[in-house]
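Participant: Sharing structure07.cif (mmCIF, C-alpha atoms) below.
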data_final
#
loop_
_atom_site.label_atom_id
_atom_site.label_comp_id
_atom_site.auth_asym_id
_atom_site.auth_seq_id
_atom_site.Cartn_x
_atom_site.Cartn_y
_atom_site.Cartn_z
CA MET D 137 14.08 19.69 14.17
CA LEU D 138 11.92 18.21 11.43
CA ASP D 139 13.78 17.26 8.27
CA LYS D 140 13.07 19.78 5.48
CA SER D 141 11.97 17.01 3.12
CA PHE D 142 8.93 16.18 5.27
CA THR D 143 6.50 19.03 5.80
CA PRO D 144 3.45 18.37 8.04
CA LYS D 145 0.12 19.01 6.32
CA LEU D 146 -3.28 19.04 8.01
CA THR D 147 -5.87 16.85 6.25
CA ASP D 148 -9.63 17.26 6.29
CA ASP D 149 -10.30 14.69 9.03
CA GLY D 150 -7.98 16.49 11.46
CA SER D 151 -5.06 14.08 11.08
CA TYR D 152 -1.72 15.19 9.68
CA THR D 153 0.42 13.80 6.90
CA PHE D 154 3.76 14.73 5.36
CA PHE D 155 4.63 16.21 1.99
CA SER D 156 7.62 14.59 0.32
CA ASP D 157 9.86 16.97 -1.60
CA GLU D 158 11.59 13.98 -3.20
CA PHE D 159 8.42 12.54 -4.72
CA GLU D 160 6.47 15.82 -4.85
CA GLU D 161 3.43 14.14 -3.31
CA LEU D 162 1.59 13.95 -0.02
CA PHE D 163 1.87 10.67 1.84
CA HIS D 164 -1.95 10.65 2.07
CA SER D 165 -4.90 12.33 0.39
CA HIS D 166 -6.17 15.76 1.46
CA SER D 167 -9.44 14.21 2.65
CA GLY D 168 -7.79 12.59 5.64
CA ALA D 169 -4.76 10.46 6.42
CA LYS D 170 -6.56 8.40 9.04
CA GLN D 171 -9.72 8.15 6.95
CA GLU D 172 -7.75 6.91 3.95
CA ALA D 173 -6.15 4.16 6.02
CA GLN D 174 -9.56 3.02 7.25
CA TYR D 175 -11.42 3.01 3.94
CA LYS D 176 -8.63 2.16 1.48
CA PHE D 177 -6.86 -0.53 3.48
CA ILE D 178 -8.47 -1.75 6.70
CA GLU D 179 -12.06 -2.18 5.57
CA PRO D 180 -11.29 -3.70 2.12
CA CYS D 181 -9.01 -6.26 3.79
CA GLN D 182 -11.90 -7.20 6.10
CA ILE D 183 -9.70 -6.84 9.15
CA LYS D 184 -12.61 -6.67 11.62
CA GLU D 185 -14.23 -9.78 10.17
CA LYS D 186 -10.99 -11.73 10.51
CA VAL D 187 -10.69 -10.87 14.20
CA THR D 188 -13.88 -12.80 14.92
CA VAL D 189 -12.47 -16.05 13.53
CA LYS D 190 -8.71 -15.80 14.14
CA ASN D 191 -6.62 -15.44 17.29
CA THR D 192 -3.64 -14.13 15.33
CA ILE D 193 -3.68 -11.64 12.44
CA LYS D 194 -0.67 -11.39 10.11
CA ILE D 195 -0.11 -8.07 8.31
CA ILE D 196 2.42 -6.69 5.82
CA ASP D 197 2.56 -2.89 5.50
CA ILE D 198 4.52 -1.94 2.38
CA CYS D 199 5.77 1.65 2.50
CA TYR D 200 5.00 2.01 6.19
CA GLY D 201 5.66 5.76 6.13
CA LEU D 202 4.08 7.57 9.07
CA GLY D 203 2.55 4.32 10.33
CA TYR D 204 -1.11 5.25 9.83
CA ASN D 205 -2.19 2.06 8.09
CA THR D 206 -0.68 -0.07 10.83
CA ALA D 207 -1.98 2.20 13.59
CA VAL D 208 -5.55 2.08 12.29
CA ALA D 209 -5.31 -1.69 11.87
CA LEU D 210 -4.15 -2.15 15.47
CA GLU D 211 -6.93 0.04 16.82
CA ASN D 212 -9.57 -1.77 14.77
CA ILE D 213 -8.38 -5.19 15.87
CA TRP D 214 -7.95 -4.42 19.55
CA SER D 215 -11.25 -2.56 19.75
CA ILE D 216 -12.94 -5.88 18.97
CA ASN D 217 -10.63 -8.22 20.87
CA PRO D 218 -7.82 -6.72 22.97
CA LYS D 219 -6.24 -10.17 23.24
CA THR D 220 -5.79 -10.72 19.50
CA LYS D 221 -2.14 -11.23 18.62
CA ILE D 222 -0.71 -9.40 15.62
CA GLU D 223 2.33 -10.34 13.59
CA LEU D 224 3.56 -7.45 11.48
CA PHE D 225 6.21 -6.85 8.85
CA ALA D 226 6.53 -3.19 7.85
CA LEU D 227 8.71 -2.14 4.90
CA GLU D 228 10.12 1.37 4.76
CA ASN D 229 13.01 2.92 2.85
CA ASP D 230 13.52 6.00 5.04
CA ILE D 231 13.54 5.62 8.82
CA ASN D 232 13.23 9.40 9.16
CA VAL D 233 9.58 9.25 8.11
CA PRO D 234 8.23 7.16 11.03
CA LEU D 235 10.70 8.73 13.46
CA GLN D 236 9.63 12.24 12.55
CA ALA D 237 5.96 11.28 12.64
CA ILE D 238 6.47 10.24 16.25
CA LYS D 239 8.59 13.26 17.15
CA SER D 240 6.07 15.61 15.58
CA ASP D 241 3.20 13.97 17.52
CA LEU D 242 1.37 13.15 14.29
CA LEU D 243 0.01 9.92 15.83
CA ASP D 244 -1.45 11.64 18.88
CA ASN D 245 -5.01 10.87 17.77
CA PHE D 246 -4.41 7.18 18.45
CA SER D 247 -4.53 5.33 21.75
CA ASP D 248 -1.57 5.45 24.13
CA ASP D 249 -0.87 1.74 23.60
CA VAL D 250 -0.65 2.16 19.83
CA ILE D 251 1.54 5.25 20.14
CA ASP D 252 3.88 3.46 22.55
CA ASP D 253 4.14 0.39 20.34
CA LEU D 254 4.80 2.31 17.13
CA SER D 255 7.25 4.63 18.87
CA SER D 256 9.23 1.60 20.01
CA LEU D 257 9.06 0.08 16.53
CA ALA D 258 10.32 3.27 14.89
CA ASN D 259 13.18 3.62 17.34
CA HIS D 260 14.29 0.00 17.52
CA GLN D 261 12.87 -1.60 14.31
CA LYS D 262 11.74 -4.58 16.39
CA LEU D 263 9.04 -5.02 19.00
CA LYS D 264 7.69 -8.07 20.76
CA ASN D 265 5.20 -8.02 23.59
CA ASN D 266 2.21 -10.12 24.64
CA ARG D 267 0.08 -9.10 21.62
CA LEU D 268 2.34 -7.55 18.98
CA ASN D 269 5.34 -9.07 17.23
CA ALA D 270 6.59 -6.50 14.71
CA GLN D 271 9.61 -5.85 12.53
CA LEU D 272 10.36 -2.68 10.56
CA LEU D 273 12.53 -3.70 7.61
CA LEU D 274 14.55 -0.78 6.28
CA GLY D 275 15.80 -0.42 2.72
CA ASP D 276 14.63 -1.02 -0.83
CA ALA D 277 11.37 -2.99 -0.57
CA ARG D 278 12.35 -4.95 -3.68
CA GLN D 279 15.02 -6.56 -1.54
CA THR D 280 13.49 -6.54 1.95
CA ILE D 281 10.37 -8.37 0.72
CA LYS D 282 12.65 -11.39 0.24
CA THR D 283 13.20 -11.54 4.01
CA ILE D 284 9.47 -12.09 4.44
CA ILE D 285 9.32 -14.67 1.66
CA ASN D 286 12.19 -16.60 3.23
CA GLN D 287 10.20 -16.88 6.47
CA ASN D 288 7.20 -18.30 4.61
CA PHE D 289 5.07 -15.55 6.13
CA GLN D 290 1.48 -15.73 4.88
CA ALA D 291 -0.45 -12.54 5.54
CA GLU D 292 -4.15 -12.05 6.13
CA ALA D 293 -3.74 -8.47 4.91
CA ILE D 294 -1.18 -6.68 2.74
CA PHE D 295 -1.24 -2.90 2.45
CA LEU D 296 0.47 -1.81 -0.79
CA ASP D 297 1.02 1.92 -0.32
CA PRO D 298 3.98 3.35 -2.29
CA PHE D 299 3.94 6.78 -3.90
CA SER D 300 2.07 6.86 -7.22
CA PRO D 301 3.24 4.67 -10.14
CA PRO D 302 4.63 7.60 -12.17
CA LYS D 303 6.66 8.74 -9.15
CA CYS D 304 7.74 5.37 -7.79
CA PRO D 305 7.34 2.72 -10.52
CA GLN D 306 9.89 0.45 -8.81
CA LEU D 307 7.22 -0.79 -6.40
CA TRP D 308 4.46 -1.29 -8.95
CA THR D 309 6.23 -3.64 -11.35
CA VAL D 310 5.15 -7.13 -12.35
CA GLY D 311 8.26 -8.56 -10.72
CA PHE D 312 7.80 -6.84 -7.38
CA ILE D 313 4.09 -7.56 -7.14
CA LYS D 314 4.76 -11.23 -7.89
CA LEU D 315 7.13 -11.30 -4.91
CA VAL D 316 4.55 -9.58 -2.73
CA SER D 317 1.88 -12.06 -3.80
CA GLN D 318 4.02 -14.91 -2.49
CA CYS D 319 3.39 -13.51 0.98
CA LEU D 320 -0.40 -13.38 0.67
CA GLY D 321 -2.27 -16.16 2.46
CA LYS D 322 -4.86 -18.24 0.62
CA ASP D 323 -7.70 -16.33 2.31
CA GLY D 324 -5.86 -13.00 2.54
CA TYR D 325 -6.48 -9.66 0.85
CA LEU D 326 -4.10 -7.18 -0.76
CA ALA D 327 -5.31 -3.58 -0.83
CA THR D 328 -3.96 -0.48 -2.54
CA TYR D 329 -5.26 3.03 -3.12
CA SER D 330 -4.27 2.85 -6.82
CA CYS D 331 -6.68 2.00 -9.62
CA ALA D 332 -4.07 2.45 -12.36
CA ALA D 333 -4.63 -0.04 -15.16
CA SER D 334 -0.91 -0.86 -15.11
CA VAL D 335 -1.12 -1.82 -11.43
CA ARG D 336 -4.24 -3.90 -11.91
CA THR D 337 -2.62 -5.75 -14.81
CA ALA D 338 0.43 -6.49 -12.66
CA LEU D 339 -1.82 -7.90 -9.93
CA GLN D 340 -3.56 -10.11 -12.47
CA LEU D 341 -0.25 -11.30 -13.91
CA ALA D 342 0.69 -12.35 -10.38
CA GLY D 343 -2.37 -14.60 -10.44
CA LEU D 344 -4.62 -12.45 -8.26
CA LYS D 345 -8.27 -11.58 -8.83
CA ILE D 346 -9.13 -7.90 -8.52
CA GLY D 347 -12.02 -5.69 -7.49
CA ALA D 348 -12.64 -1.99 -6.88
CA THR D 349 -12.88 -0.25 -3.51
CA ARG D 350 -14.71 2.95 -2.64
CA SER D 351 -13.23 6.29 -3.60
CA VAL D 352 -11.78 8.28 -0.71
CA GLY D 353 -10.47 11.79 -1.15
CA ARG D 354 -10.34 11.45 -4.92
CA ARG D 355 -12.77 10.51 -7.66
CA SER D 356 -11.06 7.24 -8.51
CA PRO D 357 -11.51 4.04 -6.50
CA GLY D 358 -8.81 1.84 -5.03
CA THR D 359 -8.11 -1.84 -5.73
CA ILE D 360 -8.57 -4.96 -3.63
CA ALA D 361 -7.19 -8.36 -4.63
CA ASN D 362 -7.22 -11.95 -3.46
CA TRP D 363 -6.59 -15.43 -4.83
CA LYS D 364 -10.14 -16.74 -5.20
CA GLY D 365 -12.08 -13.71 -6.37
CA ASN D 366 -14.65 -14.12 -3.59
CA ASN D 367 -16.12 -11.09 -1.80
CA LEU D 368 -14.58 -8.63 -4.25
CA PRO D 369 -16.62 -5.60 -5.36
CA PRO D 370 -16.77 -5.86 -9.17
CA LEU D 371 -15.03 -3.52 -11.57
CA SER D 372 -17.27 -1.20 -13.55
CA GLN D 373 -17.59 -1.66 -17.30
CA GLN D 374 -15.48 1.47 -17.71
CA GLU D 375 -12.72 -0.02 -15.55
CA ILE D 376 -12.82 -3.29 -17.48
CA GLU D 377 -12.45 -1.44 -20.77
CA HIS D 378 -9.54 0.56 -19.33
CA LEU D 379 -7.68 -2.73 -18.92
CA GLN D 380 -7.83 -3.17 -22.70
CA THR D 381 -5.88 0.03 -23.44
CA ARG D 382 -2.19 0.87 -23.51
CA ALA D 383 -2.55 2.26 -20.00
CA ALA D 384 -2.78 -1.35 -18.83
CA ILE D 385 0.73 -2.19 -20.00
CA PRO D 386 2.53 -2.77 -16.69
CA TYR D 387 5.84 -1.53 -15.41
CA ARG D 388 8.63 -4.09 -15.65
CA ASP D 389 11.89 -4.44 -13.74
CA PRO D 390 13.24 -7.93 -14.53
CA ASP D 391 16.18 -7.86 -12.12
CA LEU D 392 14.51 -5.67 -9.47
CA ILE D 393 17.36 -3.17 -9.54
CA ASP D 394 16.45 -0.56 -12.15
CA THR D 395 15.90 3.13 -11.51
CA ALA D 396 12.53 4.82 -11.90
CA GLU D 397 13.58 6.43 -15.17
CA ILE D 398 14.73 3.16 -16.72
CA ILE D 399 11.50 1.44 -15.69
CA LYS D 400 9.33 4.24 -17.09
CA THR D 401 11.30 4.36 -20.35
CA ARG D 402 10.96 0.60 -20.78
CA ARG D 403 7.18 0.86 -20.38
CA GLU D 404 6.93 3.79 -22.78
CA LYS D 405 8.75 1.77 -25.44
CA GLU D 406 6.43 -1.17 -24.93
CA GLN D 407 3.40 1.12 -25.17
CA SER D 408 4.67 2.70 -28.40
CA LYS D 409 4.82 -0.72 -30.05
CA SER D 410 1.49 -1.94 -28.71
CA ASP D 411 -1.60 -2.56 -30.86
CA LEU D 412 -3.85 -1.78 -27.90
CA GLU D 413 -6.09 1.28 -28.01
CA PRO D 414 -4.40 4.45 -26.73
CA SER D 415 -5.85 5.43 -23.38
CA SER D 416 -6.49 8.93 -24.75
CA HIS D 417 -9.02 7.45 -27.21
CA TRP D 418 -10.68 5.55 -24.39
CA LYS D 419 -10.95 8.69 -22.27
CA LYS D 420 -12.63 10.58 -25.11
CA LYS D 421 -15.24 7.83 -25.42
CA MET D 422 -15.89 8.03 -21.69
CA VAL D 423 -16.66 11.75 -21.96
CA LYS D 424 -19.29 11.25 -24.65
#
Please express the file's structure as structure tokens.
Facilitator:
Amino acid sequence: MLDKSFTPKLTDDGSYTFFSDEFEELFHSHSGAKQEAQYKFIEPCQIKEKVTVKNTIKIIDICYGLGYNTAVALENIWSINPKTKIELFALENDINVPLQAIKSDLLDNFSDDVIDDLSSLANHQKLKNNRLNAQLLLGDARQTIKTIINQNFQAEAIFLDPFSPPKCPQLWTVGFIKLVSQCLGKDGYLATYSCAASVRTALQLAGLKIGATRSVGRRSPGTIANWKGNNLPPLSQQEIEHLQTRAAIPYRDPDLIDTAEIIKTRREKEQSKSDLEPSSHWKKKMVK
């Protein structure tokens, strides 16, 4: 029986997602779970382009959830070259999410090979065959990311996909994103659906260059980042100005152990003391 905290919801592209009672959010946008993975993560990270020049693709999927981002990545890669090898680290706090996605047949719109691989990964947390070497690391991502750092894993693509910053600020802090950035290869890309000014500031403080990705299922764009700033769609003037407001003050968690409420309160205090323009003033100017 499906756990009560995860309710299947049909999205507009025919794929299903879950609703989380804990975070009071869908795991994906209404427009389509599979579509969001393609346009928010796979395409911005230039996965298909990398397949043409690399025999092995290294991926980190943060907040693996139902497994859609990984599933779409696998299908994209193997549709171009079935022999491409993939090394994957997936981070997930609740094993029930991927397990129930499999049990509820929510990945049935993928190929049999992908379903089999991700079913094995969900059930055993490790999988190694002739073209996929994957580990599902369970627990607080603030801690499990250190396992990847310790292996000097340098990813071609990182999918940063937690619940929204107000709901899950722990995984949008300067400290956490700096750890994540240590795992990004020199020519790699980090993609997220969020365009929050606080998130973009944290990415910049980690030393990354940022750009905007297309909007999917919502009016706002996503964010793509890399080390060199090459091949990044530019931010709009409106987005640049947003980074000069109090909304751009990032979440902080110095010891990577604080609760969501402590992290949010710390940011609110920093915002209250800031000389930056309130984001409410900026929004009013945008309406004019």
Participant: When the PyMOL selection byres ((chain D and resi 176-180) around 7) is applied to the file above, which residues end up in the set, as an MDAnalysis selection string?
Facilitator: chainID D and resid 172:175 181:183 209 295 327:329 349 358 360
Participant: Report, as JSON, the axis-aligned box around all atoms of stretch 221-232 of chain D present in the file, extended by 5 Å on each side; give centre and edge lengths in Å to one decimal place.
Facilitator:
{"center_x": 5.7, "center_y": -0.9, "center_z": 10.7, "size_x": 25.7, "size_y": 30.6, "size_z": 25.8}
Participant: Find the distance between atom CA of D:Glu413 and atom CA of D:Thr381 and write it in Å to one decimal.
Facilitator: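 Straight-line distance from atom CA of D:Glu413 to atom CA of D:Thr381 works out to 4.7 Å.
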Participant: If you apply the PyMOL selection byres ((chain D and resi 394-396) around 9) to this file, what residues do you get, as a list in words?
Facilitator: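 Selection result, ordered by chain and number: Pro302, Lys303, Cys304, Pro305, Gln306, Asp389, Pro390, Asp391, Leu392, Ile393, Glu397, Ile398, Ile399, Lys400 and Thr401 of chain D.
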Participant: The PyMOL selection byres ((chain D and resi 319-326) around 8) on the file shown: which residues, as a ChimeraX atom specification?
Facilitator: /D:180-182,284-285,288-296,315-318,327-328,360-364
Participant: Give me a file of those residues, with C-alpha atoms, as a short mmCIF file (atom, residue, chain, number, x, y, z; two decimals), keeping the file's coordinate frame.
Facilitator:
data_model
loop_
_atom_site.label_atom_id
_atom_site.label_comp_id
_atom_site.auth_asym_id
_atom_site.auth_seq_id
_atom_site.Cartn_x
_atom_site.Cartn_y
_atom_site.Cartn_z
CA PRO D 180 -11.29 -3.70 2.12
CA CYS D 181 -9.01 -6.26 3.79
CA GLN D 182 -11.90 -7.20 6.10
CA ILE D 284 9.47 -12.09 4.44
CA ILE D 285 9.32 -14.67 1.66
CA ASN D 288 7.20 -18.30 4.61
CA PHE D 289 5.07 -15.55 6.13
CA GLN D 290 1.48 -15.73 4.88
CA ALA D 291 -0.45 -12.54 5.54
CA GLU D 292 -4.15 -12.05 6.13
CA ALA D 293 -3.74 -8.47 4.91
CA ILE D 294 -1.18 -6.68 2.74
CA PHE D 295 -1.24 -2.90 2.45
CA LEU D 296 0.47 -1.81 -0.79
CA LEU D 315 7.13 -11.30 -4.91
CA VAL D 316 4.55 -9.58 -2.73
CA SER D 317 1.88 -12.06 -3.80
CA GLN D 318 4.02 -14.91 -2.49
CA ALA D 327 -5.31 -3.58 -0.83
CA THR D 328 -3.96 -0.48 -2.54
CA ILE D 360 -8.57 -4.96 -3.63
CA ALA D 361 -7.19 -8.36 -4.63
CA ASN D 362 -7.22 -11.95 -3.46
CA TRP D 363 -6.59 -15.43 -4.83
CA LYS D 364 -10.14 -16.74 -5.20
#
Participant: Report, in Å to a single decimal, how far apart atom CA of D:Leu273 and atom CA of D:Phe246 are.
Facilitator: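 Here the two named atoms are 22.9 Å from each other.
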Participant: Give me the residues near D:Glu228 as a PyMOL selection string, where near means some atom within 9 Å (using only C-alpha atoms) and where sequence neighbours in that chain fewer than 6 positions away do not count.
Facilitator: chain D and resi 197-201+234+272-277
Participant: Given only C-alpha atoms as the basis, pick out the residue of D:Val310, D:Ala342, D:Val208, D:Leu371 nearest to D:Ile385.
Facilitator: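 Using only C-alpha atoms, the shortest distance to D:Ile385 belongs to D:Val310.
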Participant: D:Leu344, D:Val250, D:Leu257, D:Gln287: which is nearest D:Ser215, counting all atoms listed in the file?
Facilitator: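 When distances to D:Ser215 are compared using all atoms listed in the file, the smallest one comes from D:Val250.
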Participant: Show me, as number ranges by chain, the residues that have an atom within 12 Å of D:Glu211 when counting all atoms listed in the file, minus same-chain residues fewer than 6 positions from it.
Facilitator: D: 170, 173-174, 178, 183-184, 187, 204-205, 217-218, 220, 222, 245-251, 253-254
Participant: Which distance in Å separates atom CA of D:Ala169 and atom CA of D:Ser256, to one decimal?
Facilitator: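 We find that atom CA of D:Ala169 and atom CA of D:Ser256 lie 21.4 Å from each other.
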Participant: Please determine the residues with any atom at most 9 Å from (-2.3, 2.9, -24.0) (coordinates as given in the file, with all atoms listed in the file counting) and report them as a PyMOL selection string.
Facilitator: chain D and resi 378+380-385+407-408+410-418
Participant: For the residues in the current selection, export C-alpha atoms as a PDB file, in the coordinates of the input.
Facilitator:
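Okay, again_18.pdb is ready:
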ATOM      1  CA  HIS D 378      -9.540   0.560 -19.330  1.00  0.00           C
ATOM      2  CA  GLN D 380      -7.830  -3.170 -22.700  1.00  0.00           C
ATOM      3  CA  THR D 381      -5.880   0.030 -23.440  1.00  0.00           C
ATOM      4  CA  ARG D 382      -2.190   0.870 -23.510  1.00  0.00           C
ATOM      5  CA  ALA D 383      -2.550   2.260 -20.000  1.00  0.00           C
ATOM      6  CA  ALA D 384      -2.780  -1.350 -18.830  1.00  0.00           C
ATOM      7  CA  ILE D 385       0.730  -2.190 -20.000  1.00  0.00           C
ATOM      8  CA  GLN D 407       3.400   1.120 -25.170  1.00  0.00           C
ATOM      9  CA  SER D 408       4.670   2.700 -28.400  1.00  0.00           C
ATOM     10  CA  SER D 410       1.490  -1.940 -28.710  1.00  0.00           C
ATOM     11  CA  ASP D 411      -1.600  -2.560 -30.860  1.00  0.00           C
ATOM     12  CA  LEU D 412      -3.850  -1.780 -27.900  1.00  0.00           C
ATOM     13  CA  GLU D 413      -6.090   1.280 -28.010  1.00  0.00           C
ATOM     14  CA  PRO D 414      -4.400   4.450 -26.730  1.00  0.00           C
ATOM     15  CA  SER D 415      -5.850   5.430 -23.380  1.00  0.00           C
ATOM     16  CA  SER D 416      -6.490   8.930 -24.750  1.00  0.00           C
ATOM     17  CA  HIS D 417      -9.020   7.450 -27.210  1.00  0.00           C
ATOM     18  CA  TRP D 418     -10.680   5.550 -24.390  1.00  0.00           C
TER      19      TRP D 418
END
